[in-house]
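Contents: one structure, followed by commentary.
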Amino acid sequence: MTGQIKLAEVPLGPVPGPSEAVAKARVLLVNTNREGGLWSAFPAGFCAVAAATSAAGHDVHTLDLRFIRDPAAAFRRALRRADPDVVGFSIRNIDSVSAWDPVFFLEAIRDELIPACRQASVPSVIGGPAVGVGGQALVDFLDADWGIAGEAEEVFPRLVESLASETPPPALPGLLRRGAPVPPGWHPAQLPDLSRMPLPDPARWVPARRYWRAGTTYPLLTRRGCSFGCVYCSYTRIEGSACRFRSPDAVVGEMRAMVGKGVRRFEIVDSVFGLPESHALAVCDAIRDANLPVRLDVSALHPLAVTPRLLDSLEAAGVRSVLCTPDTFSRAGLDGLAKGFGIDVVARTVRLLAARRFDVCWFLVLGAPGETAESILESLRFVEREIPPHHVVLANIGLRIYPGTPLAELCRTRGLIGPDDPLIRPRTFLEPSLDAATLRAAVEATAARCPNLVFMGEEPRGPLRQALIALTLRCIAGRRPAWAALPAFLRVVSRIRPRDPLPALASPSLSMNS
């Protein structure tokens with residue numbers, strides 16, 4: 001294990017309540033995430049910021065672009081109706097993180113939404129995980145007036161109050177301004193006490209029923225922060241490296257509240273779940289004792305956390321599926337990714353999960369620093385020989401280089417990216433010594449034999465095709481997650497036509513200079 005789990009203490013006062021003297025403002029909040037398919041995300045953080053801003057006394061209007069065909073036209077209409085004093089944009093993803101077929105999400109925001117704010121003389125504020133990753137460079141790229149990096153539930157209402165009263169904003173944590181240098185001592189905003197997280201009211205802020213009908217789970221946080229040092233990961237920029245925990249009672253309280261609002265499918269979406277074991281066990285025990293009529297999934301189950309005791313507790317709590325994150329099945333890959341554990345831990349984790357009835361999805365990255373053709377084959381052979389055929393292995397080739405990560409520093413040291421590259425546009429690392437043609441041949445051969453090995457490049461492009469395949473998978477899966485039906489689906493598809501796991505590759509274009 002790398003790093004020590006520690007508690008954070010970041011001073012930040014409470015959000016002003018509606019009874020306090022604040023400059024009341026009309027606020028339009030926009031959820032810009034339009035990605036769907038099997039991994040559609042419910043905008044719980046967006047709803048929480050909307051709830052906190054409303055509780056602070058402001059008049060909040062929202063626009064969710066997830067299901068809208070013409071986002072620019074819908075935004076202009078919302079701008080006219082709401083006549084806001086401030087517009088806030090929630091930005092979840094910078095790009096699709098697919099090395100073989102990257103899609104950049106920010107240009108539409110920069111070219112269509114932000115200019116509409118400027119034409120209406122309304123200040124624009126961007127927030128969400130993308131700002132935590134991109135920081136000042138992202139604010140400048142989008143030409144937004146302000147940005148908030150980190151957790152905006154308390155900072156955004158304060159900024160709105162300042163903008164509404166036309167007074168200079170105070171030095172708020174996480175606050176960024178277009179074209180301005182980042183001040184000394186600046187740090188992303190964090191809630192020191194997660195019990196102060198406002199409970200969202202999904203149906204009030206977004207078309208919640210459309211999300212539930214699409215099979216989207218409600219994201220449940222039991223902690224924030226990650227003390228591990230994986231070479232590629234941006235979570236420490238988004239949530240910090242210090243771990244902050246929610247009490248099990250608070251977790252169950254949120255579940256009860258959401259069940260009362262019609263939610264039946266929850267997913268624990270901590271950056272790492274299971275560590276420390278005492279916290280994970282307490283959360284599982286509280287959920288078990290609550291005996292709620294829900295289905296529960298877990299994402300980012302850490303291999304070091306997988307023990308018979310924890311798996312017993314997960315089963316007792318009603319967990320039906322888990323996403324596990326070794327990220328590689330080779331010794332060189334584990335070293336290159338700085339995972340902090342060895343192949344023996346991975347093998348033990350596979351054996352323990354194979355003996356249970358969970359639906360399991362494993363994450364695999366090929367092409368990490370220091371990988372060789374032999375280590376790639378080691379991972380692919382492990383998938384074929386050790387992973388149960390009903391488990392899904394979601395694979396990607398290459399690593400998205402995020403700013404502020406050890407991978408970014410490694411690439412600068414090796415001269416693979418320039419010293420001034422802000423890494424806002426997608427840049428992918430693939431170990432330079434690997435031959436793309438040989439890599440592709442190994443991938444295609446294994447995918448032909450293993451219908452449970454799924455590559456991100458295989459996901460169909462276009463909302464209609466994505467929706468049709470997602471609907472088909474949900475019908476096959478029933479009460480299980482839609483991704484659990486992928487092996488059966490691809491087994492049928494491969495009988496009709498050969499699989500092309502990397503359809504977008506026309507040439508070895510993953511070089512660092514592309």
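Naming works like this for the structure tokens: A, B, ... for the chains as they're shown, residue 1 at the start of each chain, ligands 1 onward in shown order.
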Contact check, range 76-124 of chain A to range 36-53 of chain A, at most 12 Å, counting only C-alpha atoms, closest pairs as JSON lines:
{"residue": "A:Val86", "atom": "CA", "partner": "A:Thr53", "partner_atom": "CA", "distance": 11.6}
{"residue": "A:Val87", "atom": "CA", "partner": "A:Ala50", "partner_atom": "CA", "distance": 11.7}
{"residue": "A:Gly88", "atom": "CA", "partner": "A:Ala50", "partner_atom": "CA", "distance": 9.7}
{"residue": "A:Phe89", "atom": "CA", "partner": "A:Phe46", "partner_atom": "CA", "distance": 9.1}
{"residue": "A:Ser90", "atom": "CA", "partner": "A:Phe46", "partner_atom": "CA", "distance": 6.5}
{"residue": "A:Ile91", "atom": "CA", "partner": "A:Phe46", "partner_atom": "CA", "distance": 9.3}
{"residue": "A:Arg92", "atom": "CA", "partner": "A:Pro43", "partner_atom": "CA", "distance": 8.7}
{"residue": "A:Asn93", "atom": "CA", "partner": "A:Ala41", "partner_atom": "CA", "distance": 10.7}
{"residue": "A:Ser96", "atom": "CA", "partner": "A:Gly36", "partner_atom": "CA", "distance": 11.2}
I need the chosen residues saved as a compact mmCIF listing (two decimals), in the first residue's frame, with N, CA, C and O atoms.
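What landed in out_17.txt:
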# COMPACT_ATOMS: atom_id res chain seq x y z
N VAL A 86 -26.52 34.69 -12.57
CA VAL A 86 -25.31 33.86 -12.65
C VAL A 86 -25.69 32.54 -13.33
O VAL A 86 -26.77 32.00 -13.08
N VAL A 87 -24.79 32.03 -14.19
CA VAL A 87 -24.97 30.71 -14.79
C VAL A 87 -23.82 29.81 -14.34
O VAL A 87 -22.65 30.19 -14.43
N GLY A 88 -24.17 28.66 -13.82
CA GLY A 88 -23.16 27.68 -13.41
C GLY A 88 -23.23 26.44 -14.29
O GLY A 88 -24.32 25.91 -14.54
N PHE A 89 -22.09 26.00 -14.79
CA PHE A 89 -22.00 24.82 -15.64
C PHE A 89 -21.29 23.69 -14.88
O PHE A 89 -20.16 23.88 -14.41
N SER A 90 -21.94 22.55 -14.78
CA SER A 90 -21.31 21.37 -14.19
C SER A 90 -20.70 20.55 -15.32
O SER A 90 -21.40 20.15 -16.26
N ILE A 91 -19.38 20.30 -15.24
CA ILE A 91 -18.68 19.57 -16.30
C ILE A 91 -18.07 18.32 -15.69
O ILE A 91 -17.16 18.41 -14.85
N ARG A 92 -18.55 17.18 -16.10
CA ARG A 92 -18.08 15.92 -15.50
C ARG A 92 -16.81 15.43 -16.19
O ARG A 92 -15.81 15.15 -15.54
N ASN A 93 -16.85 15.28 -17.52
CA ASN A 93 -15.75 14.67 -18.25
C ASN A 93 -15.15 15.65 -19.25
O ASN A 93 -15.87 16.43 -19.88
N SER A 96 -13.65 11.32 -23.75
CA SER A 96 -14.17 9.97 -23.60
C SER A 96 -13.16 8.98 -23.02
O SER A 96 -13.52 7.83 -22.75
So that I can see what lies close to Leu199 in chain A, please list as an mmCIF file with C-alpha atoms, in the first residue's frame the residues with an atom at most 7 Å from it, counting only C-alpha atoms and leaving out residues fewer than 2 positions away in the same chain.
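Dumped to around_24.cif:
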data_model
loop_
_atom_site.group_PDB
_atom_site.id
_atom_site.type_symbol
_atom_site.label_atom_id
_atom_site.label_comp_id
_atom_site.auth_asym_id
_atom_site.auth_seq_id
_atom_site.Cartn_x
_atom_site.Cartn_y
_atom_site.Cartn_z
ATOM 1 C CA ALA A 48 -26.470 18.688 -4.349
ATOM 2 C CA MET A 197 -23.339 17.226 2.341
ATOM 3 C CA ASP A 201 -33.900 16.106 -4.439
ATOM 4 C CA GLU A 254 -29.441 9.256 2.318
#
Counting only C-alpha atoms, which residues of range 386-466 of chain A sit at most 9 Å from some atom of range 117-138 of chain A, and what is each one's closest atom pair with its distance in Å to one decimal, listed by chain and rising residue number, as JSON lines?
{"residue": "A:Tyr402", "atom": "CA", "partner": "A:Val133", "partner_atom": "CA", "distance": 7.1}
{"residue": "A:Pro403", "atom": "CA", "partner": "A:Gly134", "partner_atom": "CA", "distance": 6.7}
{"residue": "A:Gly404", "atom": "CA", "partner": "A:Val133", "partner_atom": "CA", "distance": 8.0}
{"residue": "A:Pro422", "atom": "CA", "partner": "A:Ala137", "partner_atom": "CA", "distance": 6.3}
{"residue": "A:Leu423", "atom": "CA", "partner": "A:Gly134", "partner_atom": "CA", "distance": 7.8}
{"residue": "A:Ile424", "atom": "CA", "partner": "A:Gly134", "partner_atom": "CA", "distance": 6.4}
Would you list, as a ChimeraX atom specification, the residues of range 190-336 of chain A that end up in alpha helix (DSSP H) under DSSP run on this structure's backbone?
-> /A:202-205,208-213,235-239,248-259,277-290,308-316,331-336
Neighbour list for Leu468 in chain A as a list of chain:residue names, cut-off 12 Å, only C-alpha atoms, skip fewer than 4 positions in-chain | A:Gly36, A:Gly37, A:Leu38, A:Ala214, A:Glu459, A:Pro460, A:Arg461, A:Gly462, A:Pro463, A:Leu464, A:Thr472, A:Leu473, A:Arg474, A:Cys475
Non-local contacts of Val454 in chain A (12 Å; only C-alpha atoms; under 5 positions in same chain excluded) as a PyMOL selection string = chain A and resi 361-365+380+383+389+391-397+443-444+446-449+459+483-491+499-502
Among the residues of range 261-357 of chain A, find those DSSP assigns to strand (DSSP E) from the backbone and print them as a list in words.
->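 Filtering range 261-357 of chain A to strand (DSSP E) leaves Arg265, Phe266, Glu267, Ile268, Arg295, Leu296, Asp297, Val298, Ser299, Ala300, Leu301, Val319, Arg320, Ser321, Val322, Leu323, Cys324, Thr325, Pro326 and Asp327 of chain A.
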Exercise: Val322 in chain A partners within 6 Å, only C-alpha atoms, chain neighbours under 3 positions left out, as a VMD selection string | chain A and resid 297 to 299 360
Range 304-315 of chain A environment, 8 Å, only C-alpha atoms, sequence neighbours closer than 5 positions dropped, as number ranges by chain | A: 273-277, 280-281, 284-285, 320, 341, 345, 349, 352
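Distances from A:Trp212, A:Phe429, A:Phe266, A:Phe228 to Val97 in chain A were compared using only C-alpha atoms, and the smallest one belongs to A:Phe429.
Counting from CA of Ser98 in chain A, the distance to CA of Ser234 in chain A is 15.9 Å.
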Straight-line distance linking CA of Arg412 in chain A with CA of Cys230 in chain A, stated in Å to one decimal =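 These atoms are spaced 17.2 Å apart.
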Using only C-alpha atoms, determine which residues lie at most 12 Å from range 188-193 of chain A, disregarding the query and same-chain residues fewer than 4 positions distant; provide the list as number ranges by chain.
-> A: 7-15, 127-129, 131-136, 147-156, 171-176, 182-183, 197-198, 223-225, 236-247, 250
